[in-house]
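The file run-v7.tsv comes next; it holds TSV, C-alpha atoms and all ligand atoms.
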```tsv
chain	number	residue	atom	x	y	z
A	1426	MET	CA	-120.75	-20.81	142.58
A	1427	THR	CA	-119.04	-19.53	139.47
A	1428	GLN	CA	-121.38	-18.98	136.58
A	1429	ASN	CA	-119.26	-20.48	133.87
A	1430	LEU	CA	-121.91	-21.74	131.44
A	1431	ILE	CA	-123.48	-20.05	128.44
A	1432	VAL	CA	-126.46	-22.05	127.19
A	1433	ILE	CA	-127.47	-21.94	123.54
A	1434	THR	CA	-130.84	-23.58	123.07
A	1435	GLY	CA	-133.78	-23.65	120.69
A	1436	THR	CA	-136.03	-26.02	118.76
A	1437	PRO	CA	-134.12	-28.57	116.62
A	1438	GLY	CA	-132.98	-26.95	113.38
A	1439	THR	CA	-132.70	-23.39	114.67
A	1440	GLY	CA	-128.89	-23.40	114.30
A	1441	LYS	CA	-127.56	-24.16	117.80
A	1442	THR	CA	-124.67	-26.39	116.78
A	1443	THR	CA	-123.65	-24.27	113.79
A	1444	ILE	CA	-123.25	-21.07	115.78
A	1445	SER	CA	-122.00	-22.63	119.03
A	1446	GLU	CA	-119.00	-24.08	117.20
A	1447	ILE	CA	-118.05	-20.63	115.87
A	1448	ILE	CA	-118.73	-18.76	119.11
A	1449	SER	CA	-116.80	-21.16	121.32
A	1450	ARG	CA	-113.82	-20.79	118.99
A	1451	GLU	CA	-114.04	-17.01	118.89
A	1452	LEU	CA	-114.42	-16.60	122.65
A	1453	GLY	CA	-112.02	-19.39	123.61
A	1454	PHE	CA	-114.72	-21.27	125.57
A	1455	LYS	CA	-114.96	-25.03	125.68
A	1456	LEU	CA	-117.93	-26.48	123.80
A	1457	ILE	CA	-120.34	-29.11	125.09
A	1458	LYS	CA	-122.76	-30.46	122.51
A	1459	ILE	CA	-125.33	-32.26	124.66
A	1460	ALA	CA	-126.35	-34.68	121.89
A	1461	ASP	CA	-122.73	-35.79	121.37
A	1462	PHE	CA	-122.05	-35.87	125.10
A	1463	VAL	CA	-124.85	-38.36	125.79
A	1464	LYS	CA	-123.81	-40.56	122.86
A	1465	ASN	CA	-120.11	-40.56	123.73
A	1466	ASN	CA	-120.78	-41.34	127.39
A	1467	ASN	CA	-123.35	-44.09	126.83
A	1468	LEU	CA	-126.12	-42.10	128.46
A	1469	ILE	CA	-128.85	-43.24	126.09
A	1470	LEU	CA	-131.45	-45.56	127.62
A	1471	GLY	CA	-133.37	-46.43	124.48
A	1472	TYR	CA	-135.27	-45.12	121.51
A	1473	ASP	CA	-138.76	-43.68	121.54
A	1474	LYS	CA	-140.36	-44.89	118.33
A	1475	GLU	CA	-143.42	-42.69	118.71
A	1476	PHE	CA	-141.42	-39.49	118.96
A	1477	ASN	CA	-138.48	-40.66	116.83
A	1478	SER	CA	-135.98	-39.60	119.44
A	1479	TYR	CA	-133.50	-41.05	121.92
A	1480	ILE	CA	-134.40	-41.48	125.58
A	1481	VAL	CA	-131.63	-39.95	127.65
A	1482	ASP	CA	-130.61	-40.89	131.19
A	1483	ILE	CA	-131.26	-37.40	132.55
A	1484	LYS	CA	-129.98	-38.00	136.09
A	1485	ALA	CA	-126.70	-39.60	135.04
A	1486	THR	CA	-126.09	-37.01	132.32
A	1487	ARG	CA	-126.65	-34.20	134.75
A	1488	LYS	CA	-124.23	-35.73	137.23
A	1489	LYS	CA	-121.54	-36.16	134.61
A	1490	LEU	CA	-122.04	-32.61	133.37
A	1491	GLU	CA	-121.84	-31.25	136.93
A	1492	MET	CA	-118.46	-32.88	137.26
A	1493	LEU	CA	-117.26	-31.65	133.91
A	1494	VAL	CA	-118.08	-28.00	134.66
A	1495	SER	CA	-117.01	-28.03	138.29
A	1496	ASN	CA	-113.72	-26.22	137.72
A	1497	PRO	CA	-114.63	-22.52	137.95
A	1498	LYS	CA	-111.66	-21.61	135.76
A	1499	ASP	CA	-113.18	-23.35	132.75
A	1500	PHE	CA	-115.79	-21.54	130.70
A	1501	PHE	CA	-118.24	-23.40	128.49
A	1502	ILE	CA	-120.75	-22.97	125.76
A	1503	ILE	CA	-123.30	-25.73	126.19
A	1504	GLU	CA	-125.75	-26.34	123.34
A	1505	GLY	CA	-128.83	-28.48	123.02
A	1506	HIS	CA	-132.54	-28.63	123.69
A	1507	LEU	CA	-132.49	-30.95	126.71
A	1508	LEU	CA	-132.42	-28.34	129.47
A	1509	ASP	CA	-133.06	-30.79	132.33
A	1510	VAL	CA	-129.47	-32.06	132.18
A	1511	ILE	CA	-127.87	-28.62	132.60
A	1512	PRO	CA	-126.61	-27.67	136.10
A	1513	GLU	CA	-128.59	-24.43	136.41
A	1514	LYS	CA	-126.48	-23.03	139.25
A	1515	ASN	CA	-123.58	-22.66	136.80
A	1516	VAL	CA	-125.60	-20.85	134.15
A	1517	LYS	CA	-124.74	-17.24	133.46
A	1518	ILE	CA	-126.78	-16.66	130.32
A	1519	CYS	CA	-129.18	-18.73	128.24
A	1520	ILE	CA	-129.87	-17.70	124.66
A	1521	VAL	CA	-132.92	-19.16	122.92
A	1522	LEU	CA	-132.71	-19.22	119.13
A	1523	ARG	CA	-136.08	-18.72	117.43
A	1524	LEU	CA	-136.97	-19.35	113.82
A	1525	ASP	CA	-140.02	-18.62	111.70
A	1526	PRO	CA	-141.95	-21.93	111.67
A	1527	ARG	CA	-142.23	-21.77	107.88
A	1528	ILE	CA	-138.44	-21.69	107.48
A	1529	LEU	CA	-138.04	-24.29	110.22
A	1530	LYS	CA	-140.43	-26.62	108.45
A	1531	LYS	CA	-138.37	-26.38	105.28
A	1532	ARG	CA	-135.11	-27.03	107.14
A	1533	LEU	CA	-136.45	-30.07	108.95
A	1534	SER	CA	-137.98	-31.49	105.76
A	1535	GLU	CA	-134.63	-31.12	104.03
A	1536	ARG	CA	-133.10	-33.15	106.85
A	1537	GLY	CA	-135.49	-35.95	105.98
A	1538	TYR	CA	-137.26	-35.90	109.36
A	1539	PRO	CA	-140.48	-37.95	109.48
A	1540	GLU	CA	-143.74	-36.01	109.25
A	1541	ASN	CA	-144.73	-36.38	112.94
A	1542	LYS	CA	-141.31	-35.26	114.15
A	1543	ILE	CA	-141.48	-32.16	111.99
A	1544	LYS	CA	-144.96	-31.44	113.32
A	1545	ASN	CA	-143.89	-31.83	116.97
A	1546	ASN	CA	-140.98	-29.49	116.51
A	1547	ILE	CA	-142.98	-26.86	114.64
A	1548	GLU	CA	-145.59	-26.94	117.40
A	1549	SER	CA	-142.92	-26.48	120.07
A	1550	GLU	CA	-141.54	-23.49	118.20
A	1551	ILE	CA	-144.97	-21.88	117.78
A	1552	LEU	CA	-145.85	-22.47	121.44
A	1553	ASP	CA	-142.53	-21.02	122.79
A	1554	VAL	CA	-141.84	-24.31	124.56
A	1555	LEU	CA	-138.07	-23.90	125.01
A	1556	LEU	CA	-138.31	-20.24	125.92
A	1557	VAL	CA	-140.81	-20.99	128.66
A	1558	GLU	CA	-138.76	-23.92	129.90
A	1559	ALA	CA	-135.58	-21.82	129.93
A	1560	ILE	CA	-137.25	-19.06	131.95
A	1561	GLN	CA	-138.61	-21.61	134.43
A	1562	LYS	CA	-135.21	-23.25	134.85
A	1563	PHE	CA	-132.78	-20.33	134.78
A	1564	GLY	CA	-134.92	-17.33	135.72
A	1565	LYS	CA	-136.06	-14.59	133.38
A	1566	GLU	CA	-133.13	-12.26	133.99
A	1567	LYS	CA	-130.74	-14.82	132.51
A	1568	VAL	CA	-132.77	-15.69	129.43
A	1569	PHE	CA	-132.51	-13.96	126.06
A	1570	GLU	CA	-134.02	-14.74	122.69
A	1571	ILE	CA	-133.07	-13.99	119.11
A	1572	ASP	CA	-135.28	-14.23	116.04
A	1573	THR	CA	-132.80	-15.81	113.62
A	1574	SER	CA	-135.17	-15.71	110.63
A	1575	GLY	CA	-133.36	-14.16	107.68
A	1576	LEU	CA	-130.08	-13.67	109.57
A	1577	SER	CA	-126.88	-15.06	108.12
A	1578	VAL	CA	-124.72	-17.24	110.35
A	1579	LYS	CA	-122.28	-14.35	110.64
A	1580	GLU	CA	-124.97	-11.85	111.68
A	1581	LEU	CA	-126.35	-14.30	114.20
A	1582	VAL	CA	-122.92	-14.98	115.70
A	1583	LEU	CA	-122.41	-11.24	116.20
A	1584	LYS	CA	-125.76	-10.89	117.97
A	1585	VAL	CA	-125.04	-13.79	120.30
A	1586	ILE	CA	-121.58	-12.50	121.18
A	1587	LYS	CA	-123.07	-9.09	121.92
A	1588	ILE	CA	-125.52	-10.63	124.38
A	1589	ILE	CA	-122.78	-12.69	126.03
A	1590	LYS	CA	-120.54	-9.65	126.42
A	1591	THR	CA	-123.12	-7.08	127.49
A	1592	GLY	CA	-125.94	-9.12	129.01
A	1593	LYS	CA	-128.33	-6.97	126.97
A	1594	ASN	CA	-130.06	-6.73	123.58
A	1595	GLY	CA	-132.21	-9.83	123.55
A	1596	THR	CA	-134.92	-9.54	126.16
A	1597	PRO	CA	-137.66	-12.06	125.35
A	1598	GLY	CA	-141.00	-10.89	124.06
A	1599	ASN	CA	-140.35	-9.89	120.49
A	1600	VAL	CA	-141.24	-13.21	118.94
A	1601	ASP	CA	-144.91	-13.98	118.39
A	1602	TRP	CA	-145.50	-16.65	115.77
A	1603	PHE	CA	-149.24	-16.63	116.45
A	1604	LYS	CA	-149.39	-13.05	115.31
A	1605	LYS	CA	-146.96	-13.46	112.43
A	1606	LEU	CA	-148.58	-16.55	110.96
A	1607	GLY	CA	-152.13	-15.29	111.42
A	1608	SER	CA	-154.55	-17.30	109.31
A	1609	GLU	CA	-151.77	-19.67	108.23
A	1610	LEU	CA	-151.52	-20.96	111.81
A	1611	ASP	CA	-153.97	-23.85	111.48
A	1612	LYS	CA	-151.83	-25.27	108.67
A	1613	TYR	CA	-149.06	-25.77	111.24
A	1614	LEU	CA	-150.95	-26.56	114.43
A	1615	LEU	CA	-153.57	-29.05	113.22
B	1701	LIG	N1	-128.41	-18.49	110.31
B	1701	LIG	C1	-128.59	-19.51	109.46
B	1701	LIG	N2	-129.00	-19.26	108.22
B	1701	LIG	C2	-129.24	-20.27	107.36
B	1701	LIG	N3	-129.05	-21.58	107.65
B	1701	LIG	C3	-128.63	-21.88	108.88
B	1701	LIG	C4	-128.37	-20.88	109.85
B	1701	LIG	N4	-127.98	-21.48	110.99
B	1701	LIG	C5	-127.99	-22.80	110.72
B	1701	LIG	N5	-128.36	-23.04	109.46
B	1701	LIG	C6	-128.53	-24.37	108.83
B	1701	LIG	O1	-129.66	-24.97	109.44
B	1701	LIG	C7	-129.44	-26.35	109.64
B	1701	LIG	C8	-129.62	-26.69	111.10
B	1701	LIG	O2	-128.57	-26.12	111.87
B	1701	LIG	P1	-127.99	-26.84	113.16
B	1701	LIG	O3	-127.69	-28.26	112.87
B	1701	LIG	O4	-126.90	-25.98	113.67
B	1701	LIG	O5	-129.27	-26.77	114.13
B	1701	LIG	P2	-129.42	-27.34	115.61
B	1701	LIG	O6	-130.23	-26.31	116.32
B	1701	LIG	O7	-128.11	-27.70	116.16
B	1701	LIG	O8	-130.33	-28.64	115.40
B	1701	LIG	P3	-130.42	-29.96	116.37
B	1701	LIG	O9	-131.17	-29.55	117.60
B	1701	LIG	O10	-131.23	-30.94	115.60
B	1701	LIG	O11	-129.03	-30.42	116.64
B	1701	LIG	C9	-128.04	-26.66	109.10
B	1701	LIG	O12	-128.17	-27.16	107.79
B	1701	LIG	C10	-127.37	-25.29	109.10
B	1701	LIG	O13	-126.40	-25.20	108.10
B	1702	MG	MG	-127.40	-29.54	116.80
```

Please go through the file and, once you have read it, give me the structure as structure tokens.
Amino acid sequence: MTQNLIVITGTPGTGKTTISEIISRELGFKLIKIADFVKNNNLILGYDKEFNSYIVDIKATRKKLEMLVSNPKDFFIIEGHLLDVIPEKNVKICIVLRLDPRILKKRLSERGYPENKIKNNIESEILDVLLVEAIQKFGKEKVFEIDTSGLSVKELVLKVIKIIKTGKNGTPGNVDWFKKLGSELDKYLL
């Protein structure tokens, strides 16, 4: 099986789409934006009012993606936070973008997200939800993380490309929002 997929993931608002567009252009890889892919292929089953998010047909999406990436000569950047739809056998590297919850909160508020959706996402970021999920799905040797807090888009792009090219410089374990937020934590987790 050719490993022809680079996954860029992270909590909503961490910058996945922004940097994936640039990186796919620079490296000459095709780009799959999971959110657009499910919309364009009618893979949405409904809307979850409680969580303010779409319900995706995971099985069908996965099948369609498997077909799309089946040619080993094609290389892809695939970006999104729905890891269940990604054919893990094709994954070479998965990069998890992390962001200081305080900055993330500001970004999501500016997007006009409802209060409970902001809270859910902040909690996921603090609890390393996507990092843990990525390690479970792809294996720890394939997973990298970057603290994007305070990095410009350009700086971040360079870091990601470095990881893709060398397979180094982003071993998980350097992000600890519990420690960084300290006594401020309860403001975000309650
Ligand atoms: N390194 C950065 N520095 C400052 N702002 C950034 C950076 N990266 C992205 N942004 C801004 O943050 C916002 C969110 O970025 P983006 O839409 O790429 O996130 P996303 O992870 O794709 O979110 P979603 O999961 O909801 O699609 C955008 O307004 C973008 O311009
Ligand atoms: Mg996006």

What lies within 9 Å of Leu1452 of chain A using only C-alpha atoms, ignoring chain neighbours under 4 positions off, as a list in words?
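My reading of the contact set: Ile1447, Ile1448 and Ile1586 of chain A.
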
Distance limit 7 Å, reference ligand LIG 1701 (chain B), atoms considered: all atoms listed in the file. Which residues make the cut? Give them as a list of chain:residue names.
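The residues near ligand LIG 1701 (chain B) are A:Gly1435, A:Thr1436, A:Pro1437, A:Gly1438, A:Thr1439, A:Gly1440, A:Lys1441, A:Thr1442, A:Thr1443, A:Ile1444, A:Gly1505, A:His1506, A:Arg1532, A:Thr1573, A:Gly1575, A:Leu1576, A:Ser1577, A:Val1578, A:Leu1581.
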
Hey, can you check how far atom CA of Glu1566 of chain A sits from atom CA of Glu1451 of chain A?
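Result for atom CA of Glu1566 of chain A versus atom CA of Glu1451 of chain A: 24.8 Å, one decimal.
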
Of the listed residues A:Leu1470, A:Leu1524, A:Cys1519, A:Leu1507, that which approaches Asp1572 of chain A most closely, counting all atoms listed in the file
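Closest residue, counting all atoms listed in the file: A:Leu1524.
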
Distance query segment 1491-1499 of chain A at most 7 Å, all atoms listed in the file, self and fewer than 5 positions along chain excluded, as number ranges by chain
A: 1427, 1429, 1512

Atom CA of Ile1518 of chain A and atom CA of Ile1431 of chain A are how many Å apart?
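That distance, rounded to one decimal, is 5.1 Å.
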
What's the separation between atom CA of Val1516 of chain A and atom CA of Gln1428 of chain A, in Å to one decimal place?
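Computed distance, atom CA of Val1516 of chain A to atom CA of Gln1428 of chain A, equals 5.2 Å.
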
Would you pick out the contacts of segment 1483-1490 of chain A at 10 Å or less, using only C-alpha atoms, so that residues sharing its chain but fewer than 6 positions from it are not included, and give the list as a list in words?
Ile1457, Ile1459, Phe1462, Val1463, Asn1466, Asn1467, Leu1468, Ile1469, Leu1470, Leu1507, Leu1508, Asp1509, Val1510, Ile1511 and Pro1512 of chain A

Pick from A:Ile1433, A:Met1426, A:Ile1543, A:Val1568, whichever lies nearest to Glu1504 of chain A using all atoms listed in the file
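When distances to Glu1504 of chain A are compared using all atoms listed in the file, the smallest one comes from A:Ile1433.
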
Using only C-alpha atoms, which of A:Lys1593, A:Arg1536, A:Lys1514, A:Lys1604 sits nearest Leu1552 of chain A?
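Of all the options, A:Lys1604 lies closest to Leu1552 of chain A.
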
Of the candidates A:Arg1450, A:Lys1458, A:Val1557, A:Asn1515, which one gets nearest to ligand MG 1702 (chain B) if we count all atoms listed in the file?
A:Lys1458

Measuring between all atoms listed in the file, which one of A:Leu1430, A:Ile1480, A:Ile1589, A:Leu1522 shows the shortest distance to ligand MG 1702 (chain B)?
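Nearest candidate to ligand MG 1702 (chain B) out of A:Leu1430, A:Ile1480, A:Ile1589, A:Leu1522: A:Leu1522.
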